[in-house]
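Asker: Provided herewith is a single structure, encoded as structure tokens, for subsequent inquiry.
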Amino acid sequence: MRLEILDTTLRDGEQTSGVAFASDEKLSIARQLLEDVRVDRIEVASARVSTGEFNGVERIAEWASKNNRLHQIEVLGFVDNGASVDWIKKSGCKVMNLLAKGSLKHCVGQLGKKPEEHISDIKENIRIAQENGIEVNLYLEDWSNGVLHSPEYVYFMVDELKDTPIKRFMLPDTLGILSPYQTFSLCYRMTKRYPGLHFDFHAHNDYDLAVANVFAAAKVGVKGIHCTVNGLGERAGNASLSSVIPVIHDLLQYKTNVNEKKINNVSHLVESYSGVRISANSPIVGENVFTQCAGVHADGDSKNNLYYNDLLPERFGRTREYALGKTSGKANIVKNLDALGISLDDDSMKKVTNRIIELGDKKEIVTPDDLPYIISDVLHHQTVEQKVKILNYSLSLAQGLKPVATLKIEINSKVYQKTSSGDGQYDAFMKALRGIYKDELHRDFPLLTNYVVTIPPGGRTDAFVQTLITWNYKDEVFKTRGLDADQTEAAILATIKMLNKIEDNY
């Protein structure tokens with residue numbers, strides 16, 4: 001069985017609080033959804049909302065017309081004696097999703113009309129749409145409440161309209177009240193009673209059951225499913241495209257036209273345009289969902305893929321990652337090294353593992369981009385005996401005052417302490433250190449000739465900082481490096497390596 005997928009990100013999704021897409025953004029999203037993701041239809045706007053909305057729809061319709069996709073563009077219209085039809089026709093679109101009342105409570109309470117009067121108005125708008133070359137689908141707004149509390153009204157509506165030119169009857173759980181059991185039962189009633197009609201199901205996520213309700217509706221024979229990118233929508237949102245598609249493909253074994261590999265791209269495009277962040281643990285598109293943190297999982301993946309399921313990241317244009325941090329084991333590190341084409345002997349692997357665990361206590365996640373820096377830090381400038389050790393240091397920074405550093409250091413088992421100010425925190429630290437070497441040890445101190453700070457690619461503010469310092473000591477030029485989550489601490493670590501190097505040669 002093949003299901004139609006309608007994406008309503010640009011209409012229902014834009015009703016998310018604080019979300020408003022610009023015309024260029026709307027067109028960009030529409031093109032990705034239809035060309036790349038290959039959903040069957042998109043609902044792009046509500047008629048008669050604003051001039052800006054009209055301009056956005058007009059641009060999408062112009063593009064769709066040039067690319068033979070106009071039949072895939074749908075606009076929400078109202079029972080308004082043809083005003084919506086006129087708006088849609090002027091925008092260049094050809095499909096109207098007519099919003100009718102799907103519950104007796106809405107019909108009487110909101111419209112103040114009898115069901116027969118509402119039916120008459122609907123038929124008149126369908127007639128006007130036909131005369132203007134506009135295809136009609138019908139939303140039964142508040143259908144879930146209607147079929148629960150006034151089923152005879154719902155059946156009356158469908159009985160009266162089933163022989164009209166309506167192409168699809170859309171069944172919305174407008175207030176997100178249904179459970180999967182109720183969805184199964186109620187959609188079964190509709191498909192059983194009207195086997196020749198095409199029904200769509202439109203879920204809302206108020207109880208966090210939208211995707212489960214989609215599963216239930218599709219199971220009993222609805223032919224179309226509505227969703228939005230990243231689950232955008234009013235209140236708790238709609239069923240999320242990224243969750244709906246694998247549920248349909250894997251758990252129902254139904255087919256769609258959707259290209260799974262493009263879902264992640266459109267999710268992050270919409271995240272950028274909407275300003276609504278994707279949760280790190282969102283299925284399929286979340287940052288963490290294809291990341292193994294525990295070492296035992298990485299080990300299991302190496303042994304016949306023991307921790308894999310059918311949701312392989314490659315299906316969705318992503319890759320499996322193995323987090324590096326204090327819970328990492330050797331297996332996680334080996335997986336990341338393999339990806340980088342790096343191999344280490346057992347002794348080096350142990351040192352790198354210990355350093356990652358140590359750094360993991362300072363930083364929540366150590367990324368694969370950080371790994372080459374950590375390896376470089378561990379495997380370069382290792383000193384067998386640490387003759388110089390920093391016992392304590394304090395750095396202070398206050399507006400309008402010079403930074404001050406207080407340093408307590410152990411050199412060859414003897415403790416020294418000094419306080420100095422400087423033009424920066426590291427400069428204050430270095431002046432205190434030079435003071436100890438020159439004033440108390442009466443020794444020459446290396447000259448710092450170059451200072452380079454780098455972070456792994458990506459420009460993340462939480463990236464590790466590598467500081468590479470070039471020194472000149474008695475005409476010998478050498479470099480030391482330090483790695484830490486804090487730039488000043490990384491520079492201090494590089495400096496301690498330098499002090500131990502010259503101590504070995506003293």
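Letters A, B, ... go to the chains of the structure tokens in the order shown; residues in each chain start at 1; ligands are counted from 1 in the same order.
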So which residues touch segment 216-233 of chain A within 7 Å, counting only C-alpha atoms, skipping near sequence neighbours fewer than 5 positions away, as a PyMOL selection string?

Answerer: chain A and resi 3-9+12-16+180+183-184+187-188+191+198-202+238-242+267+278

Asker: Write the residues of the selection above to a file with N, CA and C atoms, as a PDB file, in the first residue's frame.

Answerer:
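New file out-v6.pdb:
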ATOM      1  N   LEU A   3       0.963   5.401   0.646  1.00  0.00           N
ATOM      2  CA  LEU A   3       0.280   6.524   1.294  1.00  0.00           C
ATOM      3  C   LEU A   3       0.717   7.846   0.687  1.00  0.00           C
ATOM      4  N   GLU A   4      -0.222   8.770   0.563  1.00  0.00           N
ATOM      5  CA  GLU A   4       0.102  10.148   0.201  1.00  0.00           C
ATOM      6  C   GLU A   4       0.582  10.895   1.437  1.00  0.00           C
ATOM      7  N   ILE A   5       1.571  11.738   1.259  1.00  0.00           N
ATOM      8  CA  ILE A   5       2.065  12.580   2.346  1.00  0.00           C
ATOM      9  C   ILE A   5       1.832  14.039   1.993  1.00  0.00           C
ATOM     10  N   LEU A   6       1.044  14.717   2.841  1.00  0.00           N
ATOM     11  CA  LEU A   6       0.874  16.159   2.713  1.00  0.00           C
ATOM     12  C   LEU A   6       1.655  16.838   3.826  1.00  0.00           C
ATOM     13  N   ASP A   7       2.529  17.758   3.452  1.00  0.00           N
ATOM     14  CA  ASP A   7       3.260  18.536   4.455  1.00  0.00           C
ATOM     15  C   ASP A   7       2.620  19.907   4.594  1.00  0.00           C
ATOM     16  N   THR A   8       2.278  20.271   5.814  1.00  0.00           N
ATOM     17  CA  THR A   8       1.597  21.553   6.060  1.00  0.00           C
ATOM     18  C   THR A   8       2.438  22.496   6.918  1.00  0.00           C
ATOM     19  N   THR A   9       3.774  22.373   6.784  1.00  0.00           N
ATOM     20  CA  THR A   9       4.683  23.253   7.521  1.00  0.00           C
ATOM     21  C   THR A   9       4.416  24.724   7.219  1.00  0.00           C
ATOM     22  N   ASP A  12      -0.064  25.108   8.597  1.00  0.00           N
ATOM     23  CA  ASP A  12      -0.296  24.791  10.006  1.00  0.00           C
ATOM     24  C   ASP A  12       0.975  24.977  10.831  1.00  0.00           C
ATOM     25  N   GLY A  13       2.121  24.632  10.242  1.00  0.00           N
ATOM     26  CA  GLY A  13       3.386  24.785  10.965  1.00  0.00           C
ATOM     27  C   GLY A  13       3.710  26.220  11.280  1.00  0.00           C
ATOM     28  N   GLU A  14       3.305  27.128  10.393  1.00  0.00           N
ATOM     29  CA  GLU A  14       3.584  28.547  10.607  1.00  0.00           C
ATOM     30  C   GLU A  14       2.702  29.133  11.709  1.00  0.00           C
ATOM     31  N   GLN A  15       1.727  28.352  12.192  1.00  0.00           N
ATOM     32  CA  GLN A  15       0.914  28.802  13.310  1.00  0.00           C
ATOM     33  C   GLN A  15       1.604  28.542  14.650  1.00  0.00           C
ATOM     34  N   THR A  16       2.829  28.001  14.607  1.00  0.00           N
ATOM     35  CA  THR A  16       3.644  27.891  15.817  1.00  0.00           C
ATOM     36  C   THR A  16       3.902  29.291  16.364  1.00  0.00           C
ATOM     37  N   PRO A 180      -4.307   6.344  20.337  1.00  0.00           N
ATOM     38  CA  PRO A 180      -4.197   5.464  19.167  1.00  0.00           C
ATOM     39  C   PRO A 180      -5.366   4.480  19.048  1.00  0.00           C
ATOM     40  N   THR A 183      -8.248   6.468  17.644  1.00  0.00           N
ATOM     41  CA  THR A 183      -7.975   6.783  16.241  1.00  0.00           C
ATOM     42  C   THR A 183      -8.242   5.574  15.358  1.00  0.00           C
ATOM     43  N   PHE A 184      -7.771   4.421  15.801  1.00  0.00           N
ATOM     44  CA  PHE A 184      -7.979   3.178  15.058  1.00  0.00           C
ATOM     45  C   PHE A 184      -9.476   2.927  14.866  1.00  0.00           C
ATOM     46  N   CYS A 187     -11.295   5.947  12.744  1.00  0.00           N
ATOM     47  CA  CYS A 187     -10.933   5.928  11.328  1.00  0.00           C
ATOM     48  C   CYS A 187     -11.466   4.676  10.646  1.00  0.00           C
ATOM     49  N   TYR A 188     -11.525   3.583  11.409  1.00  0.00           N
ATOM     50  CA  TYR A 188     -12.097   2.344  10.856  1.00  0.00           C
ATOM     51  C   TYR A 188     -13.567   2.558  10.498  1.00  0.00           C
ATOM     52  N   THR A 191     -13.609   4.526   7.124  1.00  0.00           N
ATOM     53  CA  THR A 191     -13.180   3.770   5.941  1.00  0.00           C
ATOM     54  C   THR A 191     -14.119   2.603   5.653  1.00  0.00           C
ATOM     55  N   HIS A 198     -11.575   8.875  -0.418  1.00  0.00           N
ATOM     56  CA  HIS A 198     -10.178   9.083  -0.011  1.00  0.00           C
ATOM     57  C   HIS A 198     -10.187   9.919   1.268  1.00  0.00           C
ATOM     58  N   PHE A 199      -9.664   9.337   2.363  1.00  0.00           N
ATOM     59  CA  PHE A 199      -9.567  10.058   3.636  1.00  0.00           C
ATOM     60  C   PHE A 199      -8.107  10.381   3.948  1.00  0.00           C
ATOM     61  N   ASP A 200      -7.863  11.612   4.396  1.00  0.00           N
ATOM     62  CA  ASP A 200      -6.583  12.015   4.989  1.00  0.00           C
ATOM     63  C   ASP A 200      -6.764  12.092   6.502  1.00  0.00           C
ATOM     64  N   PHE A 201      -5.683  11.860   7.231  1.00  0.00           N
ATOM     65  CA  PHE A 201      -5.721  12.043   8.689  1.00  0.00           C
ATOM     66  C   PHE A 201      -4.723  13.116   9.079  1.00  0.00           C
ATOM     67  N   HIS A 202      -5.162  14.037   9.945  1.00  0.00           N
ATOM     68  CA  HIS A 202      -4.377  15.211  10.351  1.00  0.00           C
ATOM     69  C   HIS A 202      -4.285  15.207  11.883  1.00  0.00           C
ATOM     70  N   ASN A 238       2.244  19.354  15.375  1.00  0.00           N
ATOM     71  CA  ASN A 238       1.657  18.306  14.542  1.00  0.00           C
ATOM     72  C   ASN A 238       2.549  17.080  14.541  1.00  0.00           C
ATOM     73  N   ALA A 239       2.131  16.063  13.817  1.00  0.00           N
ATOM     74  CA  ALA A 239       2.982  14.885  13.635  1.00  0.00           C
ATOM     75  C   ALA A 239       4.209  15.292  12.830  1.00  0.00           C
ATOM     76  N   SER A 240       5.379  14.868  13.294  1.00  0.00           N
ATOM     77  CA  SER A 240       6.631  15.272  12.656  1.00  0.00           C
ATOM     78  C   SER A 240       6.941  14.400  11.443  1.00  0.00           C
ATOM     79  N   LEU A 241       7.258  15.050  10.338  1.00  0.00           N
ATOM     80  CA  LEU A 241       7.632  14.347   9.108  1.00  0.00           C
ATOM     81  C   LEU A 241       8.725  13.321   9.353  1.00  0.00           C
ATOM     82  N   SER A 242       9.756  13.712  10.103  1.00  0.00           N
ATOM     83  CA  SER A 242      10.909  12.834  10.299  1.00  0.00           C
ATOM     84  C   SER A 242      10.573  11.580  11.100  1.00  0.00           C
ATOM     85  N   SER A 267      14.863  19.420   7.641  1.00  0.00           N
ATOM     86  CA  SER A 267      14.646  19.678   9.069  1.00  0.00           C
ATOM     87  C   SER A 267      15.538  20.791   9.571  1.00  0.00           C
ATOM     88  N   ILE A 278      15.746  22.097  17.088  1.00  0.00           N
ATOM     89  CA  ILE A 278      15.472  20.663  17.127  1.00  0.00           C
ATOM     90  C   ILE A 278      16.065  20.104  18.408  1.00  0.00           C
TER      91      ILE A 278
END

Asker: Could you work out how far atom CA of Glu74 of chain A lies from atom CA of Ala20 of chain A, giving the answer in Å with one decimal?

Answerer: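 A separation of 18.4 Å between them.
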
Asker: Between A:Ala428, A:Ile390, A:Val147, A:Cys107, single out the one closest to Val404 of chain A, counting only C-alpha atoms.

Answerer: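 Among the listed residues, the smallest separation from Val404 of chain A belongs to A:Ala428.
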
Asker: Tell me, as JSON, numbers by chain, which residues lie within 9 Å of Asn288 of chain A, counting only C-alpha atoms; anything in the same chain fewer than 6 positions away does not count.

Answerer: {"A": [279, 280, 281, 282, 321]}

Asker: How would the residues just chosen look if you wrote them out with N, CA and C atoms as a PDB file, in the first residue's frame?

Answerer:
ATOM      1  N   SER A 279      15.257  19.408  19.186  1.00  0.00           N
ATOM      2  CA  SER A 279      15.763  18.790  20.406  1.00  0.00           C
ATOM      3  C   SER A 279      16.858  17.789  20.060  1.00  0.00           C
ATOM      4  N   ALA A 280      17.888  17.731  20.887  1.00  0.00           N
ATOM      5  CA  ALA A 280      19.027  16.842  20.616  1.00  0.00           C
ATOM      6  C   ALA A 280      18.612  15.379  20.545  1.00  0.00           C
ATOM      7  N   ASN A 281      17.516  15.020  21.229  1.00  0.00           N
ATOM      8  CA  ASN A 281      17.088  13.617  21.215  1.00  0.00           C
ATOM      9  C   ASN A 281      15.871  13.387  20.327  1.00  0.00           C
ATOM     10  N   SER A 282      15.575  14.321  19.414  1.00  0.00           N
ATOM     11  CA  SER A 282      14.481  14.104  18.462  1.00  0.00           C
ATOM     12  C   SER A 282      14.812  12.934  17.544  1.00  0.00           C
ATOM     13  N   GLU A 321      27.909   8.060  15.153  1.00  0.00           N
ATOM     14  CA  GLU A 321      29.046   8.637  15.858  1.00  0.00           C
ATOM     15  C   GLU A 321      29.202   7.976  17.216  1.00  0.00           C
TER      16      GLU A 321
END
